[in-house]
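Raw model_21.pdb, PDB, N, CA and C atoms:
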```pdb
ATOM      1  N   MET A1217     -11.616 -10.292  14.077
ATOM      2  CA  MET A1217     -10.207 -10.031  13.998
ATOM      3  C   MET A1217      -9.796  -9.732  12.549
ATOM      4  N   VAL A1218     -10.349 -10.502  11.625
ATOM      5  CA  VAL A1218     -10.029 -10.289  10.218
ATOM      6  C   VAL A1218     -10.509  -8.909   9.777
ATOM      7  N   ALA A1219     -11.690  -8.508  10.235
ATOM      8  CA  ALA A1219     -12.210  -7.183   9.884
ATOM      9  C   ALA A1219     -11.303  -6.094  10.445
ATOM     10  N   GLY A1220     -10.832  -6.270  11.660
ATOM     11  CA  GLY A1220      -9.921  -5.300  12.271
ATOM     12  C   GLY A1220      -8.620  -5.174  11.499
ATOM     13  N   LEU A1221      -8.077  -6.295  11.061
ATOM     14  CA  LEU A1221      -6.857  -6.268  10.250
ATOM     15  C   LEU A1221      -7.111  -5.594   8.904
ATOM     16  N   GLY A1222      -8.284  -5.812   8.346
ATOM     17  CA  GLY A1222      -8.634  -5.166   7.088
ATOM     18  C   GLY A1222      -8.705  -3.655   7.226
ATOM     19  N   VAL A1223      -9.304  -3.189   8.319
ATOM     20  CA  VAL A1223      -9.399  -1.750   8.579
ATOM     21  C   VAL A1223      -8.005  -1.168   8.791
ATOM     22  N   ALA A1224      -7.163  -1.861   9.545
ATOM     23  CA  ALA A1224      -5.795  -1.386   9.780
ATOM     24  C   ALA A1224      -5.014  -1.318   8.468
ATOM     25  N   ALA A1225      -5.151  -2.329   7.627
ATOM     26  CA  ALA A1225      -4.457  -2.331   6.335
ATOM     27  C   ALA A1225      -4.933  -1.178   5.463
ATOM     28  N   ARG A1226      -6.227  -0.919   5.456
ATOM     29  CA  ARG A1226      -6.775   0.205   4.680
ATOM     30  C   ARG A1226      -6.201   1.537   5.173
ATOM     31  N   ASP A1227      -6.131   1.703   6.488
ATOM     32  CA  ASP A1227      -5.599   2.940   7.064
ATOM     33  C   ASP A1227      -4.124   3.121   6.735
ATOM     34  N   VAL A1228      -3.352   2.048   6.802
ATOM     35  CA  VAL A1228      -1.928   2.131   6.474
ATOM     36  C   VAL A1228      -1.752   2.512   5.009
ATOM     37  N   MET A1229      -2.538   1.939   4.128
ATOM     38  CA  MET A1229      -2.438   2.269   2.702
ATOM     39  C   MET A1229      -2.807   3.731   2.455
ATOM     40  N   ARG A1230      -3.782   4.250   3.173
ATOM     41  CA  ARG A1230      -4.153   5.661   3.031
ATOM     42  C   ARG A1230      -2.993   6.561   3.466
ATOM     43  N   ILE A1231      -2.340   6.211   4.558
ATOM     44  CA  ILE A1231      -1.204   6.998   5.043
ATOM     45  C   ILE A1231      -0.065   6.961   4.023
ATOM     46  N   VAL A1232       0.212   5.795   3.483
ATOM     47  CA  VAL A1232       1.270   5.669   2.472
ATOM     48  C   VAL A1232       0.930   6.531   1.258
ATOM     49  N   ARG A1233      -0.323   6.497   0.814
ATOM     50  CA  ARG A1233      -0.750   7.296  -0.343
ATOM     51  C   ARG A1233      -0.613   8.793  -0.058
ATOM     52  N   LEU A1234      -1.031   9.235   1.123
ATOM     53  CA  LEU A1234      -0.915  10.646   1.473
ATOM     54  C   LEU A1234       0.546  11.084   1.539
ATOM     55  N   LYS A1235       1.412  10.226   2.089
ATOM     56  CA  LYS A1235       2.838  10.563   2.157
ATOM     57  C   LYS A1235       3.437  10.730   0.767
ATOM     58  N   ARG A1236       3.042   9.861  -0.164
ATOM     59  CA  ARG A1236       3.556   9.960  -1.532
ATOM     60  C   ARG A1236       3.112  11.248  -2.215
ATOM     61  N   ARG A1237       1.910  11.692  -1.917
ATOM     62  CA  ARG A1237       1.358  12.880  -2.571
ATOM     63  C   ARG A1237       1.769  14.183  -1.879
ATOM     64  N   ALA A1238       2.308  14.096  -0.690
ATOM     65  CA  ALA A1238       2.717  15.288   0.047
ATOM     66  C   ALA A1238       3.939  15.916  -0.623
ATOM     67  N   VAL A1239       3.938  17.244  -0.696
ATOM     68  CA  VAL A1239       5.009  17.999  -1.348
ATOM     69  C   VAL A1239       5.887  18.628  -0.272
ATOM     70  N   THR A1240       7.156  18.274  -0.264
ATOM     71  CA  THR A1240       8.091  18.782   0.737
ATOM     72  C   THR A1240       8.184  20.305   0.664
ATOM     73  N   LEU A1241       8.202  20.939   1.832
ATOM     74  CA  LEU A1241       8.371  22.389   1.875
ATOM     75  C   LEU A1241       9.732  22.762   1.307
ATOM     76  N   THR A1242       9.794  23.895   0.636
ATOM     77  CA  THR A1242      11.084  24.378   0.147
ATOM     78  C   THR A1242      11.909  24.838   1.339
ATOM     79  N   ALA A1243      13.188  25.059   1.116
ATOM     80  CA  ALA A1243      14.065  25.540   2.195
ATOM     81  C   ALA A1243      13.581  26.885   2.709
ATOM     82  N   ASP A1244      13.129  27.766   1.813
ATOM     83  CA  ASP A1244      12.612  29.072   2.241
ATOM     84  C   ASP A1244      11.359  28.927   3.087
ATOM     85  N   GLU A1245      10.456  28.029   2.677
ATOM     86  CA  GLU A1245       9.231  27.811   3.454
ATOM     87  C   GLU A1245       9.555  27.238   4.822
ATOM     88  N   GLN A1246      10.493  26.307   4.879
ATOM     89  CA  GLN A1246      10.876  25.741   6.177
ATOM     90  C   GLN A1246      11.505  26.800   7.067
ATOM     91  N   ALA A1247      12.344  27.651   6.490
ATOM     92  CA  ALA A1247      12.984  28.705   7.278
ATOM     93  C   ALA A1247      11.947  29.686   7.812
ATOM     94  N   ARG A1248      10.903  29.944   7.020
ATOM     95  CA  ARG A1248       9.867  30.901   7.431
ATOM     96  C   ARG A1248       8.888  30.289   8.426
ATOM     97  N   LEU A1249       8.500  29.032   8.210
ATOM     98  CA  LEU A1249       7.468  28.413   9.038
ATOM     99  C   LEU A1249       8.004  27.692  10.266
ATOM    100  N   ALA A1250       9.230  27.205  10.187
ATOM    101  CA  ALA A1250       9.726  26.361  11.275
ATOM    102  C   ALA A1250      11.117  26.747  11.744
ATOM    103  N   PRO A1251      11.347  28.036  12.027
ATOM    104  CA  PRO A1251      12.685  28.390  12.508
ATOM    105  C   PRO A1251      12.973  27.727  13.854
ATOM    106  N   GLY A1252      14.120  27.122  13.966
ATOM    107  CA  GLY A1252      14.513  26.499  15.226
ATOM    108  C   GLY A1252      13.838  25.182  15.528
ATOM    109  N   LEU A1253      13.029  24.683  14.612
ATOM    110  CA  LEU A1253      12.318  23.435  14.877
ATOM    111  C   LEU A1253      13.268  22.254  15.011
ATOM    112  N   ALA A1254      14.384  22.303  14.329
ATOM    113  CA  ALA A1254      15.347  21.197  14.378
ATOM    114  C   ALA A1254      15.791  20.915  15.810
ATOM    115  N   ALA A1255      15.840  21.942  16.650
ATOM    116  CA  ALA A1255      16.258  21.750  18.037
ATOM    117  C   ALA A1255      15.258  20.896  18.820
ATOM    118  N   TRP A1256      14.025  20.829  18.351
ATOM    119  CA  TRP A1256      12.982  20.083  19.052
ATOM    120  C   TRP A1256      12.796  18.674  18.517
ATOM    121  N   THR A1257      13.469  18.343  17.422
ATOM    122  CA  THR A1257      13.231  17.036  16.815
ATOM    123  C   THR A1257      13.890  15.922  17.618
ATOM    124  N   SER A1258      13.369  14.746  17.421
ATOM    125  CA  SER A1258      13.900  13.554  18.074
ATOM    126  C   SER A1258      14.735  12.779  17.058
ATOM    127  N   SER A1259      15.041  11.544  17.386
ATOM    128  CA  SER A1259      15.777  10.714  16.439
ATOM    129  C   SER A1259      14.939  10.422  15.197
ATOM    130  N   ARG A1260      13.631  10.582  15.303
ATOM    131  CA  ARG A1260      12.738  10.397  14.162
ATOM    132  C   ARG A1260      12.392  11.764  13.582
ATOM    133  N   ALA A1261      13.371  12.489  13.111
ATOM    134  CA  ALA A1261      13.148  13.832  12.583
ATOM    135  C   ALA A1261      12.167  13.776  11.412
ATOM    136  N   PRO A1262      11.047  14.481  11.524
ATOM    137  CA  PRO A1262      10.043  14.417  10.468
ATOM    138  C   PRO A1262      10.366  15.346   9.302
ATOM    139  N   ARG A1263       9.823  15.007   8.164
ATOM    140  CA  ARG A1263       9.878  15.870   6.986
ATOM    141  C   ARG A1263       8.635  16.748   7.042
ATOM    142  N   LEU A1264       8.770  18.026   6.703
ATOM    143  CA  LEU A1264       7.618  18.925   6.638
ATOM    144  C   LEU A1264       7.127  18.971   5.200
ATOM    145  N   ALA A1265       5.808  18.854   5.023
ATOM    146  CA  ALA A1265       5.271  18.797   3.671
ATOM    147  C   ALA A1265       3.877  19.406   3.608
ATOM    148  N   TRP A1266       3.519  19.846   2.410
ATOM    149  CA  TRP A1266       2.157  20.308   2.129
ATOM    150  C   TRP A1266       1.335  19.110   1.677
ATOM    151  N   CYS A1267       0.095  19.036   2.132
ATOM    152  CA  CYS A1267      -0.790  17.954   1.704
ATOM    153  C   CYS A1267      -2.179  18.540   1.458
ATOM    154  N   ALA A1268      -2.550  18.647   0.198
ATOM    155  CA  ALA A1268      -3.825  19.258  -0.181
ATOM    156  C   ALA A1268      -5.025  18.400   0.210
ATOM    157  N   GLU A1269      -4.802  17.131   0.490
ATOM    158  CA  GLU A1269      -5.906  16.225   0.790
ATOM    159  C   GLU A1269      -6.329  16.229   2.265
ATOM    160  N   LEU A1270      -5.625  16.978   3.090
ATOM    161  CA  LEU A1270      -5.955  17.043   4.513
ATOM    162  C   LEU A1270      -6.620  18.366   4.858
ATOM    163  N   ASP A1271      -7.504  18.332   5.853
ATOM    164  CA  ASP A1271      -8.145  19.546   6.347
ATOM    165  C   ASP A1271      -7.421  20.126   7.546
ATOM    166  N   THR A1272      -6.672  19.283   8.244
ATOM    167  CA  THR A1272      -5.943  19.715   9.432
ATOM    168  C   THR A1272      -4.534  19.124   9.384
ATOM    169  N   PRO A1273      -3.591  19.719  10.103
ATOM    170  CA  PRO A1273      -2.242  19.146  10.148
ATOM    171  C   PRO A1273      -2.289  17.731  10.726
ATOM    172  N   ALA A1274      -1.366  16.908  10.264
ATOM    173  CA  ALA A1274      -1.331  15.521  10.729
ATOM    174  C   ALA A1274       0.074  14.967  10.606
ATOM    175  N   VAL A1275       0.348  13.971  11.431
ATOM    176  CA  VAL A1275       1.591  13.219  11.309
ATOM    177  C   VAL A1275       1.270  11.968  10.517
ATOM    178  N   LEU A1276       2.013  11.781   9.449
ATOM    179  CA  LEU A1276       1.875  10.573   8.647
ATOM    180  C   LEU A1276       3.113   9.744   8.927
ATOM    181  N   GLY A1277       2.951   8.677   9.734
ATOM    182  CA  GLY A1277       4.102   7.912  10.178
ATOM    183  C   GLY A1277       4.397   6.799   9.214
ATOM    184  N   PHE A1278       5.175   6.009   9.545
ATOM    185  CA  PHE A1278       5.606   5.312  10.718
ATOM    186  C   PHE A1278       7.127   5.383  10.849
ATOM    187  N   THR A1279       7.878   4.833   9.911
ATOM    188  CA  THR A1279       9.320   4.819  10.089
ATOM    189  C   THR A1279       9.969   6.146   9.741
ATOM    190  N   ARG A1280       9.481   6.829   8.740
ATOM    191  CA  ARG A1280       9.966   8.164   8.376
ATOM    192  C   ARG A1280       8.784   9.110   8.403
ATOM    193  N   PRO A1281       8.463   9.665   9.560
ATOM    194  CA  PRO A1281       7.245  10.460   9.669
ATOM    195  C   PRO A1281       7.301  11.758   8.859
ATOM    196  N   VAL A1282       6.119  12.188   8.462
ATOM    197  CA  VAL A1282       5.935  13.440   7.745
ATOM    198  C   VAL A1282       4.921  14.264   8.525
ATOM    199  N   ILE A1283       5.254  15.522   8.803
ATOM    200  CA  ILE A1283       4.254  16.430   9.342
ATOM    201  C   ILE A1283       3.623  17.086   8.124
ATOM    202  N   ALA A1284       2.382  16.690   7.844
ATOM    203  CA  ALA A1284       1.669  17.170   6.666
ATOM    204  C   ALA A1284       0.794  18.359   7.050
ATOM    205  N   LEU A1285       0.953  19.427   6.301
ATOM    206  CA  LEU A1285       0.226  20.661   6.577
ATOM    207  C   LEU A1285      -0.681  21.019   5.401
ATOM    208  N   PRO A1286      -1.936  21.349   5.675
ATOM    209  CA  PRO A1286      -2.789  21.841   4.595
ATOM    210  C   PRO A1286      -2.448  23.310   4.331
ATOM    211  N   ARG A1287      -2.023  23.608   3.114
ATOM    212  CA  ARG A1287      -1.571  24.962   2.776
ATOM    213  C   ARG A1287      -2.658  26.001   3.048
ATOM    214  N   ALA A1288      -3.915  25.667   2.760
ATOM    215  CA  ALA A1288      -5.015  26.618   2.944
ATOM    216  C   ALA A1288      -5.146  27.035   4.411
ATOM    217  N   GLN A1289      -4.994  26.088   5.325
ATOM    218  CA  GLN A1289      -5.120  26.412   6.742
ATOM    219  C   GLN A1289      -3.926  27.223   7.240
ATOM    220  N   VAL A1290      -2.723  26.818   6.854
ATOM    221  CA  VAL A1290      -1.514  27.486   7.331
ATOM    222  C   VAL A1290      -1.457  28.927   6.836
ATOM    223  N   SER A1291      -2.022  29.191   5.670
ATOM    224  CA  SER A1291      -1.986  30.558   5.125
ATOM    225  C   SER A1291      -2.743  31.543   5.999
ATOM    226  N   PHE A1292      -3.663  31.049   6.843
ATOM    227  CA  PHE A1292      -4.424  31.928   7.726
ATOM    228  C   PHE A1292      -3.787  32.092   9.107
ATOM    229  N   LEU A1293      -2.719  31.365   9.387
ATOM    230  CA  LEU A1293      -2.091  31.407  10.700
ATOM    231  C   LEU A1293      -0.930  32.397  10.725
ATOM    232  N   SER A1294      -0.713  32.991  11.885
ATOM    233  CA  SER A1294       0.458  33.845  12.062
ATOM    234  C   SER A1294       1.685  32.955  12.279
ATOM    235  N   GLY A1295       2.861  33.542  12.248
ATOM    236  CA  GLY A1295       4.090  32.795  12.485
ATOM    237  C   GLY A1295       4.090  32.045  13.809
ATOM    238  N   PRO A1296       3.747  32.737  14.926
ATOM    239  CA  PRO A1296       3.719  32.030  16.217
ATOM    240  C   PRO A1296       2.662  30.921  16.255
ATOM    241  N   GLN A1297       1.518  31.125  15.610
ATOM    242  CA  GLN A1297       0.494  30.085  15.587
ATOM    243  C   GLN A1297       0.987  28.856  14.808
ATOM    244  N   THR A1298       1.646  29.113  13.696
ATOM    245  CA  THR A1298       2.178  28.011  12.895
ATOM    246  C   THR A1298       3.213  27.231  13.691
ATOM    247  N   ARG A1299       4.052  27.936  14.416
ATOM    248  CA  ARG A1299       5.066  27.269  15.247
ATOM    249  C   ARG A1299       4.410  26.374  16.294
ATOM    250  N   LEU A1300       3.325  26.848  16.913
ATOM    251  CA  LEU A1300       2.626  26.024  17.902
ATOM    252  C   LEU A1300       2.018  24.778  17.262
ATOM    253  N   VAL A1301       1.471  24.923  16.058
ATOM    254  CA  VAL A1301       0.919  23.768  15.353
ATOM    255  C   VAL A1301       2.027  22.749  15.084
ATOM    256  N   LEU A1302       3.167  23.231  14.597
ATOM    257  CA  LEU A1302       4.284  22.335  14.307
ATOM    258  C   LEU A1302       4.801  21.649  15.574
ATOM    259  N   LEU A1303       4.899  22.394  16.656
ATOM    260  CA  LEU A1303       5.357  21.789  17.914
ATOM    261  C   LEU A1303       4.360  20.743  18.414
ATOM    262  N   HIS A1304       3.079  21.010  18.227
ATOM    263  CA  HIS A1304       2.043  20.041  18.616
ATOM    264  C   HIS A1304       2.200  18.746  17.818
ATOM    265  N   GLU A1305       2.352  18.874  16.503
ATOM    266  CA  GLU A1305       2.518  17.691  15.663
ATOM    267  C   GLU A1305       3.832  16.979  15.983
ATOM    268  N   LEU A1306       4.858  17.737  16.265
ATOM    269  CA  LEU A1306       6.144  17.145  16.629
ATOM    270  C   LEU A1306       6.029  16.345  17.931
ATOM    271  N   ALA A1307       5.200  16.805  18.850
ATOM    272  CA  ALA A1307       4.979  16.046  20.088
ATOM    273  C   ALA A1307       4.399  14.672  19.772
ATOM    274  N   HIS A1308       3.505  14.594  18.771
ATOM    275  CA  HIS A1308       2.972  13.292  18.362
ATOM    276  C   HIS A1308       4.092  12.383  17.847
ATOM    277  N   VAL A1309       5.023  12.963  17.077
ATOM    278  CA  VAL A1309       6.148  12.179  16.553
ATOM    279  C   VAL A1309       7.009  11.669  17.702
ATOM    280  N   ARG A1310       7.337  12.561  18.620
ATOM    281  CA  ARG A1310       8.230  12.192  19.726
ATOM    282  C   ARG A1310       7.632  11.105  20.610
ATOM    283  N   ARG A1311       6.308  11.147  20.789
ATOM    284  CA  ARG A1311       5.649  10.140  21.634
ATOM    285  C   ARG A1311       5.378   8.840  20.892
ATOM    286  N   GLY A1312       5.520   8.856  19.563
ATOM    287  CA  GLY A1312       5.230   7.651  18.787
ATOM    288  C   GLY A1312       3.745   7.377  18.677
ATOM    289  N   ASP A1313       2.943   8.439  18.660
ATOM    290  CA  ASP A1313       1.491   8.272  18.599
ATOM    291  C   ASP A1313       1.039   7.554  17.333
ATOM    292  N   ASP A1314       1.799   7.668  16.257
ATOM    293  CA  ASP A1314       1.427   6.982  15.019
ATOM    294  C   ASP A1314       1.402   5.467  15.234
ATOM    295  N   TRP A1315       2.380   4.970  15.977
ATOM    296  CA  TRP A1315       2.434   3.536  16.253
ATOM    297  C   TRP A1315       1.313   3.112  17.196
ATOM    298  N   TRP A1316       1.016   3.953  18.182
ATOM    299  CA  TRP A1316      -0.064   3.632  19.107
ATOM    300  C   TRP A1316      -1.407   3.617  18.393
ATOM    301  N   ALA A1317      -1.616   4.556  17.464
ATOM    302  CA  ALA A1317      -2.869   4.594  16.729
ATOM    303  C   ALA A1317      -3.055   3.342  15.873
ATOM    304  N   LEU A1318      -1.943   2.861  15.317
ATOM    305  CA  LEU A1318      -2.011   1.650  14.497
ATOM    306  C   LEU A1318      -2.417   0.469  15.366
TER     307      LEU A1318
END
```
Target format structure tokens, applied to this file:
Amino acid sequence: MVAGLGVAARDVMRIVRLKRRAVTLTADEQARLAPGLAAWTSSRAPRLAWCAELDTPAVLGFTRPVIALPRAQVSFLSGPQTRLVLLHELAHVRRGDDWWAL
């Protein structure tokens, strides 16, 4: 049990560190990458941010979630593909998957 709590604490600290290092998208980037996304948000509206330390998009929760996007990956996606990625990550926020994973 102690080992499990240690692993959970390590994971939470990693998420906190990644959230601190994530760079919020500018208004222009949000308008280009996530038009109309606000209509899909829940009461836990996430912040969109770039995170160079991730290889794939991820939700960094818990109380104020961040949808973290790796800039290198998003640069290869078309507008509709990026929207699908964002909607997929938003589904994780809406379901509270961050809390379930913890």
Q: Translate the PyMOL selection byres ((chain A and resi 1282-1291) around 5), as applied to the file shown, into an explicit residue set as a list in words.
A: Pro1262, Arg1263, Leu1264, Ala1265, Trp1266, Cys1267, Pro1273, Ala1274, Val1275, Leu1276, Gly1277, Arg1280, Pro1281, Phe1292 and Leu1293 of chain A
Q. In terms of the shortest atom-to-atom distance over only N, CA and C atoms, which of A:Val1301, A:Glu1269, A:Phe1278, A:Arg1311 is closest to A:Leu1234?
A.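 The closest residue to A:Leu1234 is A:Glu1269.
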**Q.** Separation of atom CA of A:Glu1305 from atom N of A:Gly1220, in Å and rounded to one decimal
**A.**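 Calculated distance between atom CA of A:Glu1305 and atom N of A:Gly1220 is 27.7 Å.
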Q) Out of A:Ala1250, A:Ala1261, A:Met1217, A:Val1223, which residue has the shortest atom-to-atom distance to A:Gly1295 when counting all atoms listed in the file? A)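 Answer, going by the shortest atom-to-atom distance: A:Ala1250.
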Q. For the atom pair atom N of A:Asp1313 and atom N of A:Ala1219, what is the interatomic distance in Å to one decimal place?
A.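 These two atoms are separated by 23.9 Å.
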Q: Please indicate the distance in Å from atom CA of A:Lys1235 to atom C of A:Ala1247, rounded to one decimal place.
A: 21.9 Å
Residues of chain A in strand (DSSP E or B), written as a PDB file with N, CA and C atoms, keeping the file's coordinate frame:
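File written: out-v1.pdb
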```pdb
ATOM      1  N   VAL A1239       3.938  17.244  -0.696  1.00  0.00           N
ATOM      2  CA  VAL A1239       5.009  17.999  -1.348  1.00  0.00           C
ATOM      3  C   VAL A1239       5.887  18.628  -0.272  1.00  0.00           C
ATOM      4  N   THR A1240       7.156  18.274  -0.264  1.00  0.00           N
ATOM      5  CA  THR A1240       8.091  18.782   0.737  1.00  0.00           C
ATOM      6  C   THR A1240       8.184  20.305   0.664  1.00  0.00           C
ATOM      7  N   ARG A1263       9.823  15.007   8.164  1.00  0.00           N
ATOM      8  CA  ARG A1263       9.878  15.870   6.986  1.00  0.00           C
ATOM      9  C   ARG A1263       8.635  16.748   7.042  1.00  0.00           C
ATOM     10  N   LEU A1264       8.770  18.026   6.703  1.00  0.00           N
ATOM     11  CA  LEU A1264       7.618  18.925   6.638  1.00  0.00           C
ATOM     12  C   LEU A1264       7.127  18.971   5.200  1.00  0.00           C
ATOM     13  N   ALA A1265       5.808  18.854   5.023  1.00  0.00           N
ATOM     14  CA  ALA A1265       5.271  18.797   3.671  1.00  0.00           C
ATOM     15  C   ALA A1265       3.877  19.406   3.608  1.00  0.00           C
ATOM     16  N   TRP A1266       3.519  19.846   2.410  1.00  0.00           N
ATOM     17  CA  TRP A1266       2.157  20.308   2.129  1.00  0.00           C
ATOM     18  C   TRP A1266       1.335  19.110   1.677  1.00  0.00           C
ATOM     19  N   ALA A1274      -1.366  16.908  10.264  1.00  0.00           N
ATOM     20  CA  ALA A1274      -1.331  15.521  10.729  1.00  0.00           C
ATOM     21  C   ALA A1274       0.074  14.967  10.606  1.00  0.00           C
ATOM     22  N   VAL A1275       0.348  13.971  11.431  1.00  0.00           N
ATOM     23  CA  VAL A1275       1.591  13.219  11.309  1.00  0.00           C
ATOM     24  C   VAL A1275       1.270  11.968  10.517  1.00  0.00           C
ATOM     25  N   LEU A1276       2.013  11.781   9.449  1.00  0.00           N
ATOM     26  CA  LEU A1276       1.875  10.573   8.647  1.00  0.00           C
ATOM     27  C   LEU A1276       3.113   9.744   8.927  1.00  0.00           C
ATOM     28  N   VAL A1282       6.119  12.188   8.462  1.00  0.00           N
ATOM     29  CA  VAL A1282       5.935  13.440   7.745  1.00  0.00           C
ATOM     30  C   VAL A1282       4.921  14.264   8.525  1.00  0.00           C
ATOM     31  N   ILE A1283       5.254  15.522   8.803  1.00  0.00           N
ATOM     32  CA  ILE A1283       4.254  16.430   9.342  1.00  0.00           C
ATOM     33  C   ILE A1283       3.623  17.086   8.124  1.00  0.00           C
ATOM     34  N   ALA A1284       2.382  16.690   7.844  1.00  0.00           N
ATOM     35  CA  ALA A1284       1.669  17.170   6.666  1.00  0.00           C
ATOM     36  C   ALA A1284       0.794  18.359   7.050  1.00  0.00           C
ATOM     37  N   LEU A1285       0.953  19.427   6.301  1.00  0.00           N
ATOM     38  CA  LEU A1285       0.226  20.661   6.577  1.00  0.00           C
ATOM     39  C   LEU A1285      -0.681  21.019   5.401  1.00  0.00           C
TER      40      LEU A1285
END
```
Q: Mind the document's chain letters and residue numbers, and return as a ChimeraX atom specification the residues of chain A that DSSP labels alpha helix (DSSP H).
A: /A:1218-1237,1243-1249,1287-1290,1295-1311,1313-1317
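With only N, CA and C atoms as the basis for measurement, A:Ala1268 is the residue among A:Ala1268, A:Leu1249, A:Ala1224, A:Leu1303 that approaches A:Arg1237 most closely.
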Which centre and edge lengths in Å to one decimal define the box along x, y and z that fits every listed atom of stretch 1244-1252 of chain A plus 5 Å per side, as lines of an AutoDock Vina configuration file?
```
center_x = 11.0
center_y = 28.0
center_z = 8.7
size_x = 17.0
size_y = 15.7
size_z = 23.7
```
